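J.: First the structure, which I've put down as structure tokens, then a few questions once you've had a look.
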Amino acid sequence: MERIKEIRTRVELKEHGLENVHSTDFPGTYDGYDDSWNQEKFEKNFRVEIKRLTNDELEFDMIGIDAAIANAFRRILLSEVPTMAIEKVHIYNNTSIIQDEVLAHRLGLIPIKADPRLFQYKQNTEAEPTEEDTIQFELKVKCTHNPKHSGTDPDDLYRDHKVTTKHMKWIPIGNQANIFKEGDIRPVHDGDNSILIAKLRPGQELDLKLFCVKGIGQDHAKFSPVATASYRLLPEITLLKPITGQLAEKLQKCFAPGVIEIDNIDGEKKARVANPRKDTCSREVLRHDDLKDLVKLTRVRDHFIFTVESTGILPPEVLVSQAIQILMTKCREITRELDETE
Amino acid sequence: MTGVSVNATGSNNGQNLDNENRKIAIMPTLGIQEDETAVTFVINKEDHTLGNSLRYMIMKNPDTQFCGYSIPHPSEEKINFRIQTEGKPAKDIFKKGLKDLNAVCEHVLRTFESSINEHKRRNQSAGIENMDQS
């Protein structure tokens with residue numbers, strides 16, 4: 001019975017591979033278990049623990065859910081939460097050495113700080129831009145000599161030789177100027193950390209109009225709202241026998257710093273698992289014949305450590321909320337259509 | 001820059017779909033007598049995201065005999081979603097799966113948002129305490 005419980009709840013890390021990777025908790029798989037879906041049981045066991053939240057990073061634990069659903073949230077974060085990104089570039093003049101199409105591609109990847117929830121998808125790509133579906137920027141830079149130049153540093157010799165996101169100017173369409181405040185719509189990086197777009201030399205210039213539309217990462221990665229969104233399972237290390245003395249020190253060296261601590265009990269060194277969360281799951285310990293039978297490495301099947309790093313357009317917690325809502329919308333849309341056809 | 005196809009981006013904007021753009025269809029059984037307990041649903045514009053999570057929920061149902069899905073071709077945006085039941089109509093099992101998955105999401109969203117609010121509230125009060133000390 002203990003073994004069955006372990007197969008159901010743990011992924012095992014063995015020397016030459018992983019075991020019990022797949023979920024098996026379905027009705028009919030095990031005698032004596034009721035695996036049919038039970039919402040109450042799920043709600044009782046499900047937990048979310050926020051570990052770290054900053055303006056653009058979020059680490060949280062999602063406990064008591066299956067990988068199928070956790071993975072759906074991760075996939076939606078990457079490719080289905082919408083953002084605004086530059087989609088069309090009108091090039092009136094480009095005498096820089098960077099080619100039009102390369103420049104346009106670079107511009108497309110710039111994160112645009114604008115709340116995508118306040119915009120609509122552009123239904124027809126050829127249609128005229130409207131205030132509901134498009135944001136317009138202007139990028140107009142001309143490089144000149146600095147008459148008071150000295151030395152060889154281009155920063156002294158030339159003016160405006162580095163075109164960055166700082167040079168992008170928002171041009172409100174229609175009523176947008178009344179709806180949005182100054183600073184509501186801008187490139188995410190427009191201060192000291194602005195993004196370099198192109199380099200110019202005196203006489204070269206850029207004169208561009210940039211059009212942003214709403215889109216999703218599935219269509220193009222530039223619409224993805226996250227830099228990364230990933231999860232890993234919580235590692236678990238079990239010491240099968242007490243590990244002492246020299247061996248304890250060897251064990252400690254097999255893991256990342258902080259995973260194993262050594263206690264001094266009555267003058268004897270004794271290994272203790274202090275923080276398995278820090279384990280990298282390298283399985284180094286299983287390479288040593290004197291240690292491999294003393295430890296068991298597993299991961300908790302339903303404990304997901306999520307890391308979500310936003311590109312800065314929306315806060316990470318808003319992105320996760322939206323991802324969950326998008327999965328709900330999918331379910332409801334199909335349900336509605338099934339009901340309609342009846 | 002890529003051209004955007006409107007359909008590719010319009011999958012989740014909750015618009016009414018006309019007949020050509022239906023999200024869901026039932027695969028014809030081709031000669032075999034129709035059986036409402038064994039049905040392959042074709043879901044357009046969906047992938048592993050919905051396919052695998054819905055498969056999990058439906059496999060959790062004791063009335064399900066078999067549930068699985070496939071993506072017949074990587075450049076076609078659709079999945080074939082197969083359900084075989086112990087006797088109930090497959091469509092009912094399918095609908096229950098969707099309902100269960102929606103309920104799971106609702107609970108996850110509630111729990112997540114309350115955890116976030118709790119975390120923010122705790123950090124705010126901790127911040128005030130730190131200010132008092134300094």
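Labels used: A, B, ... for chains in the order of the structure tokens, numbers from 1 for residues in each chain, and numbers from 1 for ligands as shown.
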Just need the residues of chain A within 6 Å of chain B, counting only C-alpha atoms, so spit them out as a PyMOL selection string.
T.: chain A and resi 26-27+36-37+48+68-69+72+105+123+215+328+331
J.: Keeping C-alpha atoms for every residue in the selection just given, could you write it to a file as a PDB file, in the first residue's frame?
T.:
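Written output follows (result-v9.pdb):
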```
ATOM      1  CA  PHE A  26      -7.855   7.583 -12.889  1.00  0.00           C
ATOM      2  CA  PRO A  27     -10.890   5.507 -11.906  1.00  0.00           C
ATOM      3  CA  SER A  36     -13.392   9.819  -9.795  1.00  0.00           C
ATOM      4  CA  TRP A  37     -13.466  13.610 -10.007  1.00  0.00           C
ATOM      5  CA  VAL A  48      -1.481  28.580  -3.809  1.00  0.00           C
ATOM      6  CA  ALA A  68      -2.330  18.601 -17.427  1.00  0.00           C
ATOM      7  CA  ILE A  69      -4.017  21.695 -15.994  1.00  0.00           C
ATOM      8  CA  ALA A  72      -2.377  24.528 -19.704  1.00  0.00           C
ATOM      9  CA  HIS A 105      11.678  43.235 -37.312  1.00  0.00           C
ATOM     10  CA  GLN A 123     -10.481  42.352 -37.588  1.00  0.00           C
ATOM     11  CA  GLY A 215      -2.187  39.974 -30.828  1.00  0.00           C
ATOM     12  CA  MET A 328     -12.351  29.229 -18.633  1.00  0.00           C
ATOM     13  CA  CYS A 331     -14.548  25.781 -21.866  1.00  0.00           C
TER      14      CYS A 331
END
```
J.: As a list in words, list the residues of region 78-223 of chain A assigned to helix (DSSP H, G or I) by DSSP on the backbone atoms of this structure.
T.: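 Matching residues for helix (DSSP H, G or I) in region 78-223 of chain A are Leu78, Ser79, Asp100, Glu101, Val102, Leu103, Ala104, His105, Arg106, Leu107, Gly108, Pro116, Arg117, Leu118, Pro154, Asp155, Asp156, Leu157, Thr165, Lys166, His167, Gln176, Ala177, Asn178, Ile179, Ala221, Lys222 and Phe223 of chain A.
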J.: Could you write out that same residue set with N, CA and C atoms as a CSV table (one decimal), in the first residue's frame?
T.:
```
chain,number,residue,atom,x,y,z
A,78,LEU,N,2.4,31.7,-22.2
A,78,LEU,CA,3.3,31.9,-23.2
A,78,LEU,C,2.7,32.4,-24.5
A,79,SER,N,1.6,31.8,-24.9
A,79,SER,CA,1.1,32.0,-26.2
A,79,SER,C,-0.3,32.5,-26.4
A,100,ASP,N,15.6,48.0,-44.2
A,100,ASP,CA,14.2,48.3,-43.8
A,100,ASP,C,13.6,47.1,-43.1
A,101,GLU,N,13.8,45.9,-43.7
A,101,GLU,CA,13.1,44.7,-43.1
A,101,GLU,C,13.7,44.3,-41.8
A,102,VAL,N,15.0,44.5,-41.6
A,102,VAL,CA,15.7,44.2,-40.4
A,102,VAL,C,15.2,45.2,-39.3
A,103,LEU,N,15.2,46.4,-39.7
A,103,LEU,CA,14.7,47.5,-38.8
A,103,LEU,C,13.3,47.2,-38.3
A,104,ALA,N,12.4,46.9,-39.3
A,104,ALA,CA,11.0,46.6,-38.9
A,104,ALA,C,10.9,45.4,-38.0
A,105,HIS,N,11.7,44.4,-38.2
A,105,HIS,CA,11.7,43.2,-37.3
A,105,HIS,C,12.1,43.6,-35.9
A,106,ARG,N,13.2,44.4,-35.8
A,106,ARG,CA,13.7,44.9,-34.5
A,106,ARG,C,12.6,45.6,-33.8
A,107,LEU,N,11.9,46.5,-34.5
A,107,LEU,CA,10.9,47.3,-33.9
A,107,LEU,C,9.7,46.5,-33.4
A,108,GLY,N,9.4,45.4,-34.1
A,108,GLY,CA,8.3,44.6,-33.7
A,108,GLY,C,8.5,43.9,-32.4
A,116,PRO,N,-3.6,45.9,-23.0
A,116,PRO,CA,-4.2,45.3,-24.1
A,116,PRO,C,-5.7,45.1,-23.9
A,117,ARG,N,-6.1,45.1,-22.6
A,117,ARG,CA,-7.6,44.9,-22.3
A,117,ARG,C,-8.4,46.1,-22.8
A,118,LEU,N,-7.8,47.2,-23.0
A,118,LEU,CA,-8.5,48.4,-23.4
A,118,LEU,C,-8.6,48.5,-25.0
A,154,PRO,N,32.3,58.5,-30.2
A,154,PRO,CA,31.1,58.9,-31.0
A,154,PRO,C,30.1,59.6,-30.2
A,155,ASP,N,30.0,59.3,-28.9
A,155,ASP,CA,29.0,60.0,-28.1
A,155,ASP,C,29.3,61.5,-28.0
A,156,ASP,N,30.6,61.9,-28.1
A,156,ASP,CA,31.0,63.3,-28.2
A,156,ASP,C,30.9,63.9,-29.6
A,157,LEU,N,31.3,63.1,-30.5
A,157,LEU,CA,31.4,63.6,-31.9
A,157,LEU,C,30.0,63.9,-32.6
A,165,THR,N,14.5,53.5,-27.9
A,165,THR,CA,13.1,53.6,-27.7
A,165,THR,C,12.7,55.0,-27.1
A,166,LYS,N,13.7,55.7,-26.5
A,166,LYS,CA,13.4,57.0,-26.0
A,166,LYS,C,12.9,58.0,-27.1
A,167,HIS,N,13.3,57.7,-28.4
A,167,HIS,CA,12.9,58.6,-29.5
A,167,HIS,C,11.5,58.3,-30.0
A,176,GLN,N,-8.0,59.0,-28.4
A,176,GLN,CA,-7.1,58.4,-27.4
A,176,GLN,C,-6.4,59.4,-26.5
A,177,ALA,N,-6.2,60.6,-26.9
A,177,ALA,CA,-5.5,61.6,-26.1
A,177,ALA,C,-6.3,61.9,-24.8
A,178,ASN,N,-7.7,61.7,-24.9
A,178,ASN,CA,-8.5,62.0,-23.8
A,178,ASN,C,-8.7,60.8,-22.9
A,179,ILE,N,-8.6,59.6,-23.5
A,179,ILE,CA,-8.8,58.4,-22.7
A,179,ILE,C,-7.5,58.0,-21.9
A,221,ALA,N,5.9,35.6,-31.6
A,221,ALA,CA,6.5,35.7,-30.2
A,221,ALA,C,6.6,37.1,-29.7
A,222,LYS,N,6.5,38.1,-30.6
A,222,LYS,CA,6.6,39.5,-30.1
A,222,LYS,C,5.4,39.8,-29.2
A,223,PHE,N,4.3,39.1,-29.4
A,223,PHE,CA,3.0,39.3,-28.6
A,223,PHE,C,3.1,38.6,-27.3
```
J.: So which residues touch Glu132 (chain A) within 10 Å, counting only C-alpha atoms, skipping near sequence neighbours fewer than 4 positions away, as a PyMOL selection string?
T.: chain A and resi 118-122+173-176+213
J.: Let's see if you can do this: from backbone DSSP, list all strand (DSSP E or B) residues in region 47-237 of chain A, as a PyMOL selection string.
T.: chain A and resi 47-53+57-63+83-94+112-113+135-142+144-145+158-159+162-164+168-171+186-187+196-199+205-215+226-237
J.: Using only C-alpha atoms, determine which residues lie at most 6 Å from region 69-79 of chain B, disregarding the query and same-chain residues fewer than 2 positions distant; provide the list as a PyMOL selection string.
T.: chain B and resi 42-46+81-82
J.: Could you pull the residues within 7 Å of region 83-85 of chain B, counting only C-alpha atoms, minus those fewer than 4 positions along the same chain, as a list of chain:residue names?
T.: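 Counting only C-alpha atoms, the residues come to B:Thr37, B:Ala38, B:Val39, B:Thr40, B:Asp63, B:Thr64, B:Gln65, B:Phe66, B:Cys67, B:Gly68, B:Ala90.
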J.: Restrict the calculation to only C-alpha atoms, then for each residue of region 10-113 of chain A with any atom at most 8 Å from an atom of region 297-312 of chain A give the closest atom pair and their distance in Å to one decimal, rows by chain and rising residue number, as JSON lines.
T.:
```
{"residue": "A:Arg10", "atom": "CA", "partner": "A:Val300", "partner_atom": "CA", "distance": 4.9}
{"residue": "A:Val11", "atom": "CA", "partner": "A:Arg299", "partner_atom": "CA", "distance": 5.1}
{"residue": "A:Glu12", "atom": "CA", "partner": "A:Thr298", "partner_atom": "CA", "distance": 4.4}
{"residue": "A:Leu13", "atom": "CA", "partner": "A:Leu297", "partner_atom": "CA", "distance": 5.4}
{"residue": "A:Lys14", "atom": "CA", "partner": "A:Leu297", "partner_atom": "CA", "distance": 7.3}
{"residue": "A:Asn55", "atom": "CA", "partner": "A:Gly312", "partner_atom": "CA", "distance": 7.7}
{"residue": "A:Asp56", "atom": "CA", "partner": "A:Ser310", "partner_atom": "CA", "distance": 5.0}
{"residue": "A:Glu57", "atom": "CA", "partner": "A:Glu309", "partner_atom": "CA", "distance": 4.5}
{"residue": "A:Leu58", "atom": "CA", "partner": "A:Val308", "partner_atom": "CA", "distance": 5.2}
{"residue": "A:Glu59", "atom": "CA", "partner": "A:Thr307", "partner_atom": "CA", "distance": 4.6}
{"residue": "A:Phe60", "atom": "CA", "partner": "A:Phe306", "partner_atom": "CA", "distance": 5.3}
{"residue": "A:Asp61", "atom": "CA", "partner": "A:Ile305", "partner_atom": "CA", "distance": 4.6}
{"residue": "A:Met62", "atom": "CA", "partner": "A:Phe304", "partner_atom": "CA", "distance": 5.1}
{"residue": "A:Ile63", "atom": "CA", "partner": "A:His303", "partner_atom": "CA", "distance": 4.5}
{"residue": "A:Gly64", "atom": "CA", "partner": "A:Asp302", "partner_atom": "CA", "distance": 5.1}
{"residue": "A:Ile65", "atom": "CA", "partner": "A:Asp302", "partner_atom": "CA", "distance": 5.5}
{"residue": "A:Asp66", "atom": "CA", "partner": "A:Asp302", "partner_atom": "CA", "distance": 5.9}
{"residue": "A:Ala67", "atom": "CA", "partner": "A:Asp302", "partner_atom": "CA", "distance": 7.1}
{"residue": "A:Ala70", "atom": "CA", "partner": "A:Phe304", "partner_atom": "CA", "distance": 7.7}
{"residue": "A:Pro111", "atom": "CA", "partner": "A:Thr311", "partner_atom": "CA", "distance": 6.9}
{"residue": "A:Lys113", "atom": "CA", "partner": "A:Gly312", "partner_atom": "CA", "distance": 7.3}
```
J.: For the atom pair CA of Ile326 (chain A) and CA of Lys88 (chain A), what is the interatomic distance in Å to one decimal place?
T.: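 Spanning CA of Ile326 (chain A) to CA of Lys88 (chain A) is a straight-line distance of 26.7 Å.
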